[in-house]
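**Q** Sharing final38.csv (CSV, C-alpha atoms and all ligand atoms) below.
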chain,number,residue,atom,x,y,z
A,63,MET,CA,0.0,0.0,0.0
A,64,ASN,CA,1.2,3.5,-0.8
A,65,PHE,CA,0.4,6.9,0.7
A,66,LYS,CA,0.3,10.0,-1.3
A,67,VAL,CA,2.6,12.7,0.1
A,68,ARG,CA,2.6,16.1,-1.4
A,69,ILE,CA,5.9,18.0,-1.1
A,70,ALA,CA,4.7,21.6,-1.1
A,71,SER,CA,8.2,23.1,-1.5
A,72,VAL,CA,8.4,21.7,-5.0
A,73,ASP,CA,4.7,21.1,-5.7
A,74,ARG,CA,5.2,17.4,-6.3
A,75,THR,CA,3.3,14.4,-5.0
A,76,ILE,CA,5.0,11.1,-4.4
A,77,ASP,CA,3.8,7.6,-3.5
A,78,VAL,CA,5.4,6.5,-0.3
A,79,PRO,CA,5.3,2.7,0.2
A,80,THR,CA,4.2,1.4,3.7
A,81,GLY,CA,7.1,1.5,6.1
A,82,ALA,CA,9.3,3.9,3.9
A,83,THR,CA,10.3,7.3,5.0
A,84,ILE,CA,9.3,10.5,3.2
A,85,LEU,CA,13.0,11.5,2.6
A,86,GLU,CA,14.1,8.2,1.1
A,87,THR,CA,11.1,8.1,-1.3
A,88,ALA,CA,11.6,11.8,-2.2
A,89,LEU,CA,15.3,11.3,-3.0
A,90,ASP,CA,14.5,8.2,-5.1
A,91,ALA,CA,12.0,10.3,-7.0
A,92,GLY,CA,14.8,12.7,-7.8
A,93,ILE,CA,13.6,15.5,-5.5
A,94,SER,CA,16.4,17.6,-4.0
A,95,TYR,CA,15.1,17.4,-0.5
A,96,PRO,CA,17.5,19.0,2.0
A,97,PHE,CA,19.1,16.3,4.1
A,98,GLY,CA,22.3,15.4,6.0
A,99,CYS,CA,22.8,12.3,8.2
A,100,GLN,CA,19.6,10.4,7.2
A,101,SER,CA,19.5,9.0,10.7
A,102,GLY,CA,17.6,11.6,12.7
A,103,ASN,CA,20.7,13.3,14.2
A,104,CYS,CA,21.4,16.5,12.3
A,105,GLY,CA,18.1,18.2,11.7
A,106,ALA,CA,18.9,19.1,8.1
A,107,CYS,CA,15.6,17.5,6.8
A,108,LYS,CA,13.4,19.3,9.3
A,109,SER,CA,10.0,19.9,7.8
A,110,HIS,CA,6.5,21.1,8.5
A,111,LEU,CA,3.8,18.4,8.6
A,112,VAL,CA,1.1,20.5,6.9
A,113,ARG,CA,-1.5,17.7,6.9
A,114,GLY,CA,-1.8,14.0,7.6
A,115,GLU,CA,-0.1,11.7,10.1
A,116,VAL,CA,3.3,10.2,10.3
A,117,THR,CA,5.1,7.9,12.7
A,118,MET,CA,8.6,9.1,13.7
A,119,GLU,CA,11.3,6.5,14.0
A,120,GLY,CA,14.0,7.2,16.6
A,121,TYR,CA,15.8,10.5,16.4
A,122,SER,CA,17.9,12.6,18.7
A,123,GLU,CA,16.4,15.5,20.7
A,124,PHE,CA,19.2,17.6,19.4
A,125,ALA,CA,17.8,17.2,15.8
A,126,LEU,CA,14.2,17.9,16.8
A,127,SER,CA,13.3,19.3,20.1
A,128,ASP,CA,10.0,18.5,21.8
A,129,GLU,CA,9.0,22.2,21.4
A,130,GLU,CA,9.6,21.9,17.6
A,131,LYS,CA,7.6,18.6,17.5
A,132,GLY,CA,4.8,20.4,19.3
A,133,ARG,CA,4.8,23.0,16.6
A,134,GLY,CA,4.2,20.3,14.0
A,135,LEU,CA,7.7,19.9,12.8
A,136,ILE,CA,9.0,16.5,11.7
A,137,LEU,CA,12.3,15.0,10.4
A,138,ALA,CA,11.6,13.7,6.9
A,139,CYS,CA,14.3,11.1,7.2
A,140,ARG,CA,12.5,9.5,10.2
A,141,ALA,CA,8.9,10.2,9.1
A,142,VAL,CA,6.9,7.1,8.0
A,143,PRO,CA,3.5,8.1,6.7
A,144,TRP,CA,0.4,6.2,7.8
A,145,ASP,CA,-2.0,8.5,6.0
A,146,ASP,CA,-1.9,10.8,2.9
A,147,CYS,CA,0.2,13.8,3.9
A,148,GLU,CA,1.5,17.1,2.9
A,149,VAL,CA,4.9,18.3,4.0
A,150,ALA,CA,7.1,21.4,3.3
A,151,TRP,CA,10.8,21.6,4.2
A,152,LEU,CA,11.7,24.6,6.3
A,153,GLU,CA,12.0,27.7,4.2
A,154,GLU,CA,15.1,29.6,5.1
A,155,ASP,CA,15.9,32.7,3.1
A,156,ASP,CA,19.2,31.2,2.2
A,157,LEU,CA,18.5,27.5,2.1
A,158,ILE,CA,21.0,26.0,-0.3
A,159,VAL,CA,20.7,22.5,-1.7
A,160,HIS,CA,23.8,21.4,-3.7
A,161,PRO,CA,23.7,18.4,-6.1
A,162,ARG,CA,24.9,15.3,-4.4
A,163,ARG,CA,28.1,13.9,-5.9
A,164,VAL,CA,30.2,10.7,-5.6
A,165,LEU,CA,33.8,11.6,-6.1
A,166,ASP,CA,36.9,9.5,-6.8
A,167,CYS,CA,39.7,11.2,-5.0
A,168,ARG,CA,43.4,10.6,-4.3
A,169,VAL,CA,45.4,11.5,-1.2
A,170,VAL,CA,47.8,14.3,-2.1
A,171,GLY,CA,48.6,15.6,1.3
A,172,LEU,CA,48.9,14.0,4.7
A,173,ASP,CA,50.4,15.5,7.9
A,174,ASP,CA,50.1,15.5,11.6
A,175,ALA,CA,48.0,18.5,12.8
A,176,THR,CA,48.5,17.3,16.4
A,177,HIS,CA,49.5,14.0,18.1
A,178,ASP,CA,46.0,12.6,17.3
A,179,ILE,CA,44.7,14.6,14.4
A,180,LYS,CA,45.7,14.0,10.8
A,181,ARG,CA,45.2,16.6,8.1
A,182,VAL,CA,44.3,14.9,4.9
A,183,ARG,CA,44.2,16.6,1.5
A,184,LEU,CA,42.4,15.0,-1.4
A,185,ALA,CA,42.5,15.8,-5.1
A,186,ILE,CA,39.3,15.1,-7.0
A,187,GLU,CA,39.9,12.8,-9.9
A,188,SER,CA,36.4,12.3,-11.2
A,189,GLY,CA,32.8,12.9,-10.2
A,190,GLY,CA,33.0,16.6,-9.8
A,191,PRO,CA,32.4,19.5,-9.8
A,192,PHE,CA,31.9,19.4,-6.0
A,193,ASP,CA,29.8,22.4,-4.9
A,194,PHE,CA,29.2,22.8,-1.2
A,195,SER,CA,28.7,25.4,1.4
A,196,ALA,CA,31.3,26.2,4.0
A,197,GLY,CA,30.6,24.0,7.1
A,198,GLN,CA,29.1,21.0,5.3
A,199,PHE,CA,30.4,17.5,5.6
A,200,ALA,CA,30.8,14.4,3.3
A,201,SER,CA,30.7,10.7,3.8
A,202,VAL,CA,34.2,9.6,3.2
A,203,THR,CA,35.3,6.0,2.5
A,204,PHE,CA,39.0,5.1,2.8
A,205,ASP,CA,40.0,1.8,1.3
A,206,GLY,CA,38.8,-1.2,3.4
A,207,CYS,CA,37.0,1.0,6.0
A,208,PRO,CA,33.4,1.7,6.7
A,209,PRO,CA,32.2,5.2,5.4
A,210,ARG,CA,32.3,7.9,8.0
A,211,ASP,CA,31.3,11.6,8.0
A,212,TYR,CA,34.0,14.2,7.9
A,213,SER,CA,33.6,18.0,7.5
A,214,MET,CA,35.4,19.9,4.7
A,215,ALA,CA,38.0,22.2,6.2
A,216,ASN,CA,38.6,24.1,3.0
A,217,VAL,CA,36.5,26.8,1.5
A,218,PRO,CA,34.3,25.9,-1.5
A,219,GLY,CA,36.1,26.1,-4.8
A,220,ASP,CA,39.5,25.1,-3.5
A,221,PRO,CA,41.2,22.6,-5.9
A,222,THR,CA,41.8,20.1,-3.1
A,223,LEU,CA,39.5,18.9,-0.3
A,224,GLU,CA,40.9,19.1,3.3
A,225,PHE,CA,39.7,16.9,6.2
A,226,HIS,CA,40.9,16.8,9.8
A,227,VAL,CA,40.5,13.3,11.2
A,228,ARG,CA,40.9,12.8,14.9
A,229,ARG,CA,41.9,9.3,16.1
A,230,THR,CA,39.1,7.8,18.2
A,231,ALA,CA,40.1,5.1,20.6
A,232,GLY,CA,38.9,1.7,19.2
A,233,GLY,CA,37.8,3.5,16.0
A,234,ALA,CA,38.0,1.6,12.6
A,235,THR,CA,38.4,4.5,10.1
A,236,SER,CA,40.3,7.0,12.2
A,237,ARG,CA,42.8,4.3,13.1
A,238,HIS,CA,43.3,3.5,9.5
A,239,VAL,CA,43.9,7.2,8.8
A,240,ALA,CA,46.3,7.5,11.7
A,241,GLU,CA,48.3,4.3,10.9
A,242,LYS,CA,47.9,3.2,7.3
A,243,LEU,CA,46.7,5.9,5.0
A,244,SER,CA,49.4,6.9,2.5
A,245,LEU,CA,49.9,9.5,-0.2
A,246,GLY,CA,48.4,8.2,-3.5
A,247,ASP,CA,45.7,6.1,-1.8
A,248,SER,CA,42.3,6.3,-3.4
A,249,VAL,CA,39.3,7.7,-1.4
A,250,ARG,CA,35.6,7.9,-2.2
A,251,VAL,CA,33.8,11.0,-1.1
A,252,GLU,CA,30.0,11.4,-1.2
A,253,GLY,CA,28.2,14.6,-0.4
A,254,PRO,CA,27.8,17.3,0.5
A,255,PHE,CA,25.5,16.9,3.5
A,256,GLY,CA,24.4,19.0,6.4
A,257,ALA,CA,22.7,22.2,7.3
A,258,SER,CA,25.3,23.8,9.5
A,259,TYR,CA,26.8,26.0,6.9
A,260,LEU,CA,27.7,29.7,6.8
A,261,ARG,CA,24.6,31.9,6.2
A,262,GLU,CA,26.3,34.4,3.9
A,263,THR,CA,23.5,36.9,3.9
A,264,HIS,CA,23.4,37.3,7.7
A,265,ARG,CA,25.1,40.4,9.0
A,266,GLY,CA,24.9,40.0,12.8
A,267,PRO,CA,27.9,38.8,14.8
A,268,ILE,CA,29.1,35.3,14.3
A,269,ILE,CA,30.1,33.2,17.4
A,270,ALA,CA,31.9,30.0,16.1
A,271,VAL,CA,32.8,27.4,18.7
A,272,ALA,CA,35.0,24.4,17.8
A,273,GLY,CA,36.1,21.5,19.9
A,274,GLY,CA,39.1,19.4,18.7
A,275,SER,CA,38.8,18.4,15.1
A,276,GLY,CA,35.5,20.4,15.1
A,277,LEU,CA,37.9,23.1,13.9
A,278,ALA,CA,37.6,21.7,10.4
A,279,PRO,CA,34.1,23.1,9.5
A,280,ILE,CA,34.7,26.2,11.6
A,281,LYS,CA,37.9,26.9,9.7
A,282,ALA,CA,35.9,26.7,6.4
A,283,ILE,CA,33.2,28.9,7.8
A,284,VAL,CA,35.6,31.6,9.1
A,285,GLU,CA,37.7,31.5,6.0
A,286,ARG,CA,34.7,31.8,3.8
A,287,ALA,CA,33.3,34.7,5.8
A,288,LEU,CA,36.6,36.5,5.4
A,289,GLN,CA,36.9,35.6,1.7
A,290,LYS,CA,33.4,37.1,1.2
A,291,SER,CA,34.5,40.2,3.2
A,292,LEU,CA,31.5,39.8,5.6
A,293,PRO,CA,31.7,42.9,7.7
A,294,GLN,CA,30.5,41.7,11.1
A,295,HIS,CA,32.6,40.6,14.1
A,296,ILE,CA,33.5,36.9,14.0
A,297,TYR,CA,34.4,35.4,17.4
A,298,CYS,CA,36.1,32.0,16.9
A,299,TYR,CA,36.5,29.9,20.1
A,300,PHE,CA,38.7,26.8,19.9
A,301,GLY,CA,38.4,24.5,22.8
A,302,VAL,CA,41.0,21.8,23.4
A,303,ARG,CA,42.4,19.9,26.4
A,304,THR,CA,46.0,21.0,26.6
A,305,GLU,CA,48.6,23.0,24.6
A,306,ARG,CA,49.6,20.0,22.5
A,307,ASP,CA,46.0,19.7,21.2
A,308,LEU,CA,46.0,23.2,19.7
A,309,TYR,CA,46.6,23.3,15.9
A,310,LEU,CA,46.4,25.9,13.2
A,311,HIS,CA,47.0,28.4,15.9
A,312,ASP,CA,49.5,30.4,13.9
A,313,HIS,CA,47.2,30.3,10.9
A,314,PHE,CA,44.2,31.8,12.8
A,315,SER,CA,46.4,34.3,14.7
A,316,ALA,CA,47.7,35.5,11.3
A,317,LEU,CA,44.1,35.8,10.0
A,318,ALA,CA,43.1,37.7,13.1
A,319,ALA,CA,46.0,40.0,12.8
A,320,SER,CA,45.1,40.9,9.2
A,321,HIS,CA,41.3,41.0,9.7
A,322,LYS,CA,40.1,43.4,12.5
A,323,ASN,CA,36.7,41.7,12.7
A,324,LEU,CA,38.1,38.3,13.5
A,325,HIS,CA,38.8,37.4,17.1
A,326,PHE,CA,40.5,34.0,17.8
A,327,ILE,CA,40.2,32.7,21.3
A,328,PRO,CA,41.9,29.3,22.2
A,329,VAL,CA,40.6,27.8,25.4
A,330,LEU,CA,42.3,25.0,27.3
A,331,SER,CA,40.2,22.8,29.5
A,332,GLU,CA,43.4,21.5,31.3
A,333,GLY,CA,45.6,24.6,30.9
A,334,ASP,CA,47.8,26.1,33.6
A,335,GLY,CA,46.0,29.4,33.5
A,336,MET,CA,49.3,31.3,32.9
A,337,SER,CA,49.3,32.0,29.2
A,338,ARG,CA,45.9,31.1,27.8
A,339,ARG,CA,42.2,31.1,28.8
A,340,CYS,CA,41.3,28.0,30.8
A,341,GLY,CA,38.1,26.1,31.4
A,342,LEU,CA,35.4,24.6,29.2
A,343,VAL,CA,35.0,26.4,25.9
A,344,HIS,CA,31.3,27.1,26.4
A,345,GLU,CA,32.0,28.6,29.8
A,346,ALA,CA,34.4,31.0,28.1
A,347,VAL,CA,31.7,32.0,25.7
A,348,ALA,CA,29.2,32.4,28.6
A,349,ALA,CA,31.7,34.7,30.4
A,350,ASP,CA,32.1,36.9,27.2
A,351,PHE,CA,28.5,37.2,26.1
A,352,ASP,CA,25.5,38.3,28.1
A,353,GLU,CA,23.7,39.3,25.0
A,354,VAL,CA,23.5,37.2,21.9
A,355,ASP,CA,20.8,39.3,20.2
A,356,GLY,CA,21.2,39.2,16.4
A,357,CYS,CA,24.1,36.7,16.6
A,358,LYS,CA,24.4,33.4,14.9
A,359,ALA,CA,26.3,30.5,16.4
A,360,TYR,CA,28.2,27.8,14.6
A,361,LEU,CA,29.2,24.8,16.7
A,362,ALA,CA,31.2,21.7,15.8
A,363,GLY,CA,33.0,19.0,17.6
A,364,PRO,CA,32.3,16.5,20.4
A,365,PRO,CA,28.6,16.0,21.2
A,366,VAL,CA,29.0,16.9,24.8
A,367,MET,CA,30.5,20.3,23.9
A,368,VAL,CA,28.0,21.0,21.2
A,369,GLU,CA,25.1,20.2,23.5
A,370,ALA,CA,26.5,22.4,26.3
A,371,ALA,CA,27.0,25.3,23.9
A,372,THR,CA,23.5,24.8,22.4
A,373,ARG,CA,22.0,24.9,25.9
A,374,LEU,CA,23.9,28.0,26.7
A,375,PHE,CA,22.8,29.9,23.6
A,376,GLU,CA,19.2,28.9,24.2
A,377,GLN,CA,19.4,30.1,27.8
A,378,ARG,CA,20.7,33.4,26.5
A,379,GLY,CA,17.6,33.7,24.3
A,380,MET,CA,19.1,32.7,20.9
A,381,ARG,CA,16.5,31.2,18.6
A,382,ARG,CA,17.1,27.6,17.6
A,383,SER,CA,17.2,28.7,14.0
A,384,ASP,CA,20.2,30.8,14.7
A,385,ILE,CA,22.2,27.9,16.1
A,386,HIS,CA,23.9,25.8,13.5
A,387,ALA,CA,25.6,22.8,14.9
A,388,ASP,CA,27.3,19.6,13.9
A,389,ALA,CA,27.9,17.2,16.8
A,390,PHE,CA,30.5,14.6,15.8
A,391,TYR,CA,28.5,11.6,16.9
A,392,THR,CA,30.2,8.2,16.1
A,393,ALA,CA,28.2,5.7,14.2
A,394,ALA,CA,27.7,3.7,17.4
A,395,GLU,CA,26.5,6.8,19.3
A,396,MET,CA,24.0,7.5,16.5
A,397,ALA,CA,22.7,4.0,16.6
A,398,ALA,CA,22.4,4.1,20.4
A,399,ALA,CA,20.6,7.5,20.3
A,400,ASN,CA,18.2,6.1,17.7
A,401,ARG,CA,17.5,3.0,19.8
A,402,LYS,CA,16.8,5.2,22.9
A,403,THR,CA,14.5,7.7,21.3
A,404,GLY,CA,12.8,5.0,19.3
A,405,ALA,CA,12.1,3.1,22.4
A,406,GLU,CA,10.6,6.1,24.1
A,407,ARG,CA,8.1,6.8,21.4
A,501,LIG,C1,28.2,15.4,10.8
A,501,LIG,C2,29.5,14.8,11.3
A,501,LIG,C3,30.7,15.4,11.0
A,501,LIG,C4,31.9,14.9,11.4
A,501,LIG,N1,33.1,15.5,11.1
A,501,LIG,C5,34.3,15.0,11.6
A,501,LIG,C6,35.5,15.7,11.4
A,501,LIG,O1,35.6,16.6,10.6
A,501,LIG,N2,36.6,15.2,12.0
A,501,LIG,C7,36.6,14.1,12.8
A,501,LIG,O2,37.7,13.7,13.3
A,501,LIG,N3,35.4,13.4,13.1
A,501,LIG,C8,34.3,13.9,12.5
A,501,LIG,N4,33.1,13.2,12.8
A,501,LIG,C9,33.2,11.9,13.5
A,501,LIG,C10,33.5,10.8,12.5
A,501,LIG,O3,32.4,10.6,11.6
A,501,LIG,C11,33.7,9.4,13.1
A,501,LIG,O4,32.6,9.1,13.9
A,501,LIG,C12,35.0,9.3,13.9
A,501,LIG,O5,36.1,9.5,13.1
A,501,LIG,C13,35.1,7.8,14.5
A,501,LIG,O6,35.1,6.9,13.4
A,501,LIG,P1,35.9,5.5,13.5
A,501,LIG,O7,35.5,4.7,12.3
A,501,LIG,O8,37.3,5.8,13.7
A,501,LIG,O9,35.3,4.9,14.8
A,501,LIG,P2,34.2,3.8,15.0
A,501,LIG,O10,34.7,2.5,14.4
A,501,LIG,O11,32.9,4.3,14.5
A,501,LIG,O12,34.2,3.7,16.6
A,501,LIG,C14,33.9,4.8,17.3
A,501,LIG,C15,33.7,4.4,18.8
A,501,LIG,O13,32.6,3.6,19.0
A,501,LIG,C16,33.0,2.4,19.6
A,501,LIG,N5,32.1,1.3,18.9
A,501,LIG,C17,32.3,0.8,17.7
A,501,LIG,N6,31.3,-0.1,17.5
A,501,LIG,C18,30.5,-0.1,18.6
A,501,LIG,C19,29.3,-0.8,19.0
A,501,LIG,N7,28.7,-1.7,18.2
A,501,LIG,N8,28.8,-0.5,20.2
A,501,LIG,C20,29.4,0.4,21.1
A,501,LIG,N9,30.5,1.0,20.8
A,501,LIG,C21,31.1,0.8,19.6
A,501,LIG,C22,34.5,2.2,19.3
A,501,LIG,O14,35.1,1.4,20.2
A,501,LIG,C23,34.9,3.6,19.3
A,501,LIG,O15,35.2,4.0,20.7
A,501,LIG,C24,31.9,13.7,12.3
A,501,LIG,C25,30.7,13.1,12.6
A,501,LIG,C26,29.5,13.6,12.1
A,501,LIG,C27,28.2,13.0,12.5
A,502,LIG,S1,18.9,14.1,7.5
A,502,LIG,FE1,17.2,13.9,8.8
A,502,LIG,S2,18.0,14.5,10.8
A,502,LIG,FE2,19.8,14.4,9.5
The structure in this file should be written as structure tokens.
**A**
Amino acid sequence: MNFKVRIASVDRTIDVPTGATILETALDAGISYPFGCQSGNCGACKSHLVRGEVTMEGYSEFALSDEEKGRGLILACRAVPWDDCEVAWLEEDDLIVHPRRVLDCRVVGLDDATHDIKRVRLAIESGGPFDFSAGQFASVTFDGCPPRDYSMANVPGDPTLEFHVRRTAGGATSRHVAEKLSLGDSVRVEGPFGASYLRETHRGPIIAVAGGSGLAPIKAIVERALQKSLPQHIYCYFGVRTERDLYLHDHFSALAASHKNLHFIPVLSEGDGMSRRCGLVHEAVAADFDEVDGCKAYLAGPPVMVEAATRLFEQRGMRRSDIHADAFYTAAEMAAANRKTGAER
């Protein structure tokens, strides 16, 4: 049995088979529906349920809050219709949907950013052009490894793609990158995905908060904002554990020296308090900002940091639509979150 689902954003009606999600059926029908993780964790496919009824499979509270659910919002990647429906994806003034590509790439650069983060540069050999917005991520498959999500650290249009891969204890792909990846290896990149990208028409202050390898998408966002000569102040907080976890410090310091509107603030959670700011990075932001009116926040890195910073901005009165976040959940964490929320509903 099929249900008719009208997608108002493109004025198309699709037949969604029983048990299928709206997003997967829409993508199969060639509709450029905005999406990211396809697992209920990023919020990129958030949509209005205009009419009809759906069952929501498990998703994270981070992707769709109870308040948003109460307002009739759904995640198309988790929404299984059990009635004819009408949906519309969230209309943002600057919603951008890039064509999804599958690229064959080759490793042309590989160096240690820190003791546990590799900086990987890839040349695109076929499948391009690869258009994306600064801050988006891709699904990257290194030879013999399961695909994993990594954020582009370069600005769109660069001839090579740059990724920062932090080694995760017990992790399959990041271990391969740390120990085995070599120059010349082939890599498959699929994307772009994600909705946490720089809103280039916004003119209020930008508060960017990175934790560890979360600096990758934040680097792309900051560099893109400077490249586009955005006039507003950009506050870039970089939270790491100790001095040896800091990277690209000289690069950001040089950018800040040459751009008066950029402020680069490293914060060490286990620092000695002598030379740098110490504490948790979201606490540093909290100490600096009473007011976040008109600001946009871009957050990337460990889920615990992203969630703490999201809570902080919400407490300060920032609208959820002004908080753009990528929490670096592992595949196992995503599956666990899905099981948890699925069981509760
Ligand atoms: C949108 C997004 C963007 C991201 N961008 C980046 C980025 O730019 N840079 C970056 O470094 N990372 C990024 N990540 C994280 C990245 O995708 C990977 O999750 C990370 O590199 C770990 O992958 P892995 O294969 O090494 O580890 P995995 O093999 O996935 O293992 C991760 C952890 O889970 C444990 N584990 C594995 N299987 C199970 C199981 N069945 N049950 C319980 N525990 C299990 C492992 O022991 C390990 O501790 C991003 C994630 C997301 C969602
Ligand atoms: S694509 Fe639906 S929540 Fe990420």
**Q** Could you check the closest approach to Pro218 of chain A for each of A:Arg250, A:Lys290, A:His344, A:Arg168 and tell me which residue wins, using only C-alpha atoms?
**A**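 Looking only at the distances to Pro218 of chain A, the closest residue turns out to be A:Lys290.
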**Q** Using only C-alpha atoms and all ligand atoms, which residues have at least one atom no more than 8 Å from ligand LIG 502 (chain A)? Output them as a list in words.
**A**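 Here is the list of contacting residues: Leu85, Pro96, Phe97, Gly98, Cys99, Gln100, Ser101, Gly102, Asn103, Cys104, Gly105, Ala106, Cys107, Lys108, Tyr121, Ala125, Leu126, Leu137, Ala138, Cys139, Arg140 and Gly256 of chain A.
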**Q** Name each residue within 7 Å of ligand LIG 501 (chain A), counting only C-alpha atoms and all ligand atoms, as a PyMOL selection string.
**A** chain A and resi 99+199+208+210-214+225-237+256+275-276+278-279+388-395
**Q** Would you be able to write out as a compact mmCIF listing (two decimals) with C-alpha atoms, in the frame of the given file which residues have an atom within 6 Å of (29.4, 12.4, -0.7) in the file's coordinates, counting only C-alpha atoms?
**A**
# COMPACT_ATOMS: atom_id res chain seq x y z
CA ARG A 163 28.10 13.90 -5.90
CA VAL A 164 30.20 10.70 -5.60
CA ALA A 200 30.80 14.40 3.30
CA SER A 201 30.70 10.70 3.80
CA VAL A 251 33.80 11.00 -1.10
CA GLU A 252 30.00 11.40 -1.20
CA GLY A 253 28.20 14.60 -0.40
CA PRO A 254 27.80 17.30 0.50
**Q** I'd like the neighbourhood of Ile327 of chain A as an mmCIF file with C-alpha atoms, in the coordinates of the input, where a residue qualifies if any of its atoms comes within 7 Å (using all atoms listed in the file), though same-chain residues fewer than 6 positions away should be ignored.
**A**
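Output file result22.cif is given in full below:
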data_model
loop_
_atom_site.group_PDB
_atom_site.id
_atom_site.type_symbol
_atom_site.label_atom_id
_atom_site.label_comp_id
_atom_site.auth_asym_id
_atom_site.auth_seq_id
_atom_site.Cartn_x
_atom_site.Cartn_y
_atom_site.Cartn_z
ATOM 1 C CA CYS A 298 36.100 32.000 16.900
ATOM 2 C CA TYR A 299 36.500 29.900 20.100
ATOM 3 C CA PHE A 300 38.700 26.800 19.900
#
**Q** Using all atoms listed in the file, can you list as a list in words the residues within 8 Å of (31.5, 29.7, 0.8)?
**A**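 Residues satisfying the cut-off, written out: Phe194, Ser195, Ala196, Val217, Pro218, Leu260, Glu262, Ala282, Ile283, Arg286, Ala287 and Lys290 of chain A.
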**Q** Got time to write the residues from that selection, C-alpha atoms, as a tab-separated table (two decimals), in the coordinates of the input?
**A**
chain	number	residue	atom	x	y	z
A	194	PHE	CA	29.20	22.80	-1.20
A	195	SER	CA	28.70	25.40	1.40
A	196	ALA	CA	31.30	26.20	4.00
A	217	VAL	CA	36.50	26.80	1.50
A	218	PRO	CA	34.30	25.90	-1.50
A	260	LEU	CA	27.70	29.70	6.80
A	262	GLU	CA	26.30	34.40	3.90
A	282	ALA	CA	35.90	26.70	6.40
A	283	ILE	CA	33.20	28.90	7.80
A	286	ARG	CA	34.70	31.80	3.80
A	287	ALA	CA	33.30	34.70	5.80
A	290	LYS	CA	33.40	37.10	1.20
**Q** Report as an NGL selection string all protein, DNA and RNA residues lying within 9 Å of Val182 of chain A, evaluated on only C-alpha atoms, omitting residues in the same chain fewer than 4 positions from it.
**A** :A and (169-174 or 223-227 or 239)
**Q** In Å, rounded to a single decimal, give me how far atom CA of Pro209 of chain A is from atom CA of Thr87 of chain A.
**A**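 Distance reported for this atom pair: 22.3 Å.
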**Q** For atom CA of Pro191 of chain A and atom CA of Ala215 of chain A, quote the distance in Å rounded to one decimal.
**A**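 So the answer is 17.2 Å.
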**Q** Point out the residue among A:Val366, A:Cys357, A:Met63, A:Ala349 with the least atom-to-atom distance to Arg382 of chain A, counting only C-alpha atoms.
**A**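 So, comparing all the options, the nearest one is A:Cys357.
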**Q** Identify, on the basis of all atoms listed in the file, every residue whose closest approach to segment 269-274 of chain A does not exceed 10 Å; exclude the query and any residue fewer than 3 positions from it along the same chain; express the result as a VMD selection string.
**A** chain A and resid 176 178 to 179 226 to 228 266 277 to 281 283 to 284 295 to 303 307 to 309 325 to 329 342 to 344 347 351 354 357 to 368 371 385 to 390
**Q** Counting only C-alpha atoms, figure out which residue out of A:Phe314, A:Gly206, A:Ile158, A:Leu184 gets nearest to Thr263 of chain A.
**A** A:Ile158
**Q** Go ahead and compute the interatomic distance for atom CA of Asp90 of chain A and atom CA of Val116 of chain A, in Å to one decimal.
**A**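 Going from atom CA of Asp90 of chain A over to atom CA of Val116 of chain A covers 19.1 Å.
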**Q** Specify the axis-aligned box that encloses all atoms of segment 239-257 of chain A listed in the file after padding of 4 Å on each side, stating its centre and edge lengths in Å to one decimal as AutoDock Vina command-line options.
**A**
--center_x 36.3 --center_y 12.7 --center_z 4.1 --size_x 35.2 --size_y 27.0 --size_z 23.2
**Q** Quick one: everything within 8 Å of Asn64 of chain A, counting only C-alpha atoms, minus sequence neighbours fewer than 5 positions away in the same chain. Send it as a list in words.
**A**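 Once the nearby chain positions are removed, what remains is Asp77, Val78, Pro79 and Thr80 of chain A.
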**Q** For Asp205 of chain A, which residue out of A:Leu165, A:Leu324, A:Val249, A:Val159 is the nearest one, using only C-alpha atoms?
**A**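 Closest to Asp205 of chain A of all the choices is A:Val249.
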**Q** Measuring between all atoms listed in the file, which one of A:Arg133, A:Glu187, A:Asp220, A:Ser71 shows the shortest distance to Ala150 of chain A?
**A**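 Once distances to Ala150 of chain A are computed over all atoms listed in the file, the minimum belongs to A:Ser71.
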**Q** Set the distance at 6 Å and use only C-alpha atoms: which residues neighbour Gly114 of chain A once local chain neighbours fewer than 5 positions away are removed? I'd like the list as a list in words.
**A**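 Counting only the stated atoms, we get Asp145, Asp146 and Cys147 of chain A.
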**Q** Since the input lacks atoms, please generate N, CA and C atoms for segment 240-246 of chain A and provide them as a short mmCIF file (atom, residue, chain, number, x, y, z; two decimals), keeping the file's coordinate frame.
**A**
data_model
loop_
_atom_site.label_atom_id
_atom_site.label_comp_id
_atom_site.auth_asym_id
_atom_site.auth_seq_id
_atom_site.Cartn_x
_atom_site.Cartn_y
_atom_site.Cartn_z
N ALA A 240 45.15 7.17 10.83
CA ALA A 240 46.30 7.50 11.70
C ALA A 240 47.50 6.55 11.35
N GLU A 241 47.21 5.29 11.00
CA GLU A 241 48.30 4.30 10.90
C GLU A 241 48.66 3.88 9.49
N LYS A 242 47.65 3.85 8.61
CA LYS A 242 47.90 3.20 7.30
C LYS A 242 47.77 4.08 6.10
N LEU A 243 47.00 5.12 6.22
CA LEU A 243 46.70 5.90 5.00
C LEU A 243 48.06 6.48 4.46
N SER A 244 48.17 6.47 3.13
CA SER A 244 49.40 6.90 2.50
C SER A 244 49.08 7.86 1.32
N LEU A 245 50.05 8.67 0.97
CA LEU A 245 49.90 9.50 -0.20
C LEU A 245 49.63 8.59 -1.42
N GLY A 246 48.72 9.00 -2.28
CA GLY A 246 48.40 8.20 -3.50
C GLY A 246 47.23 7.26 -3.29
#
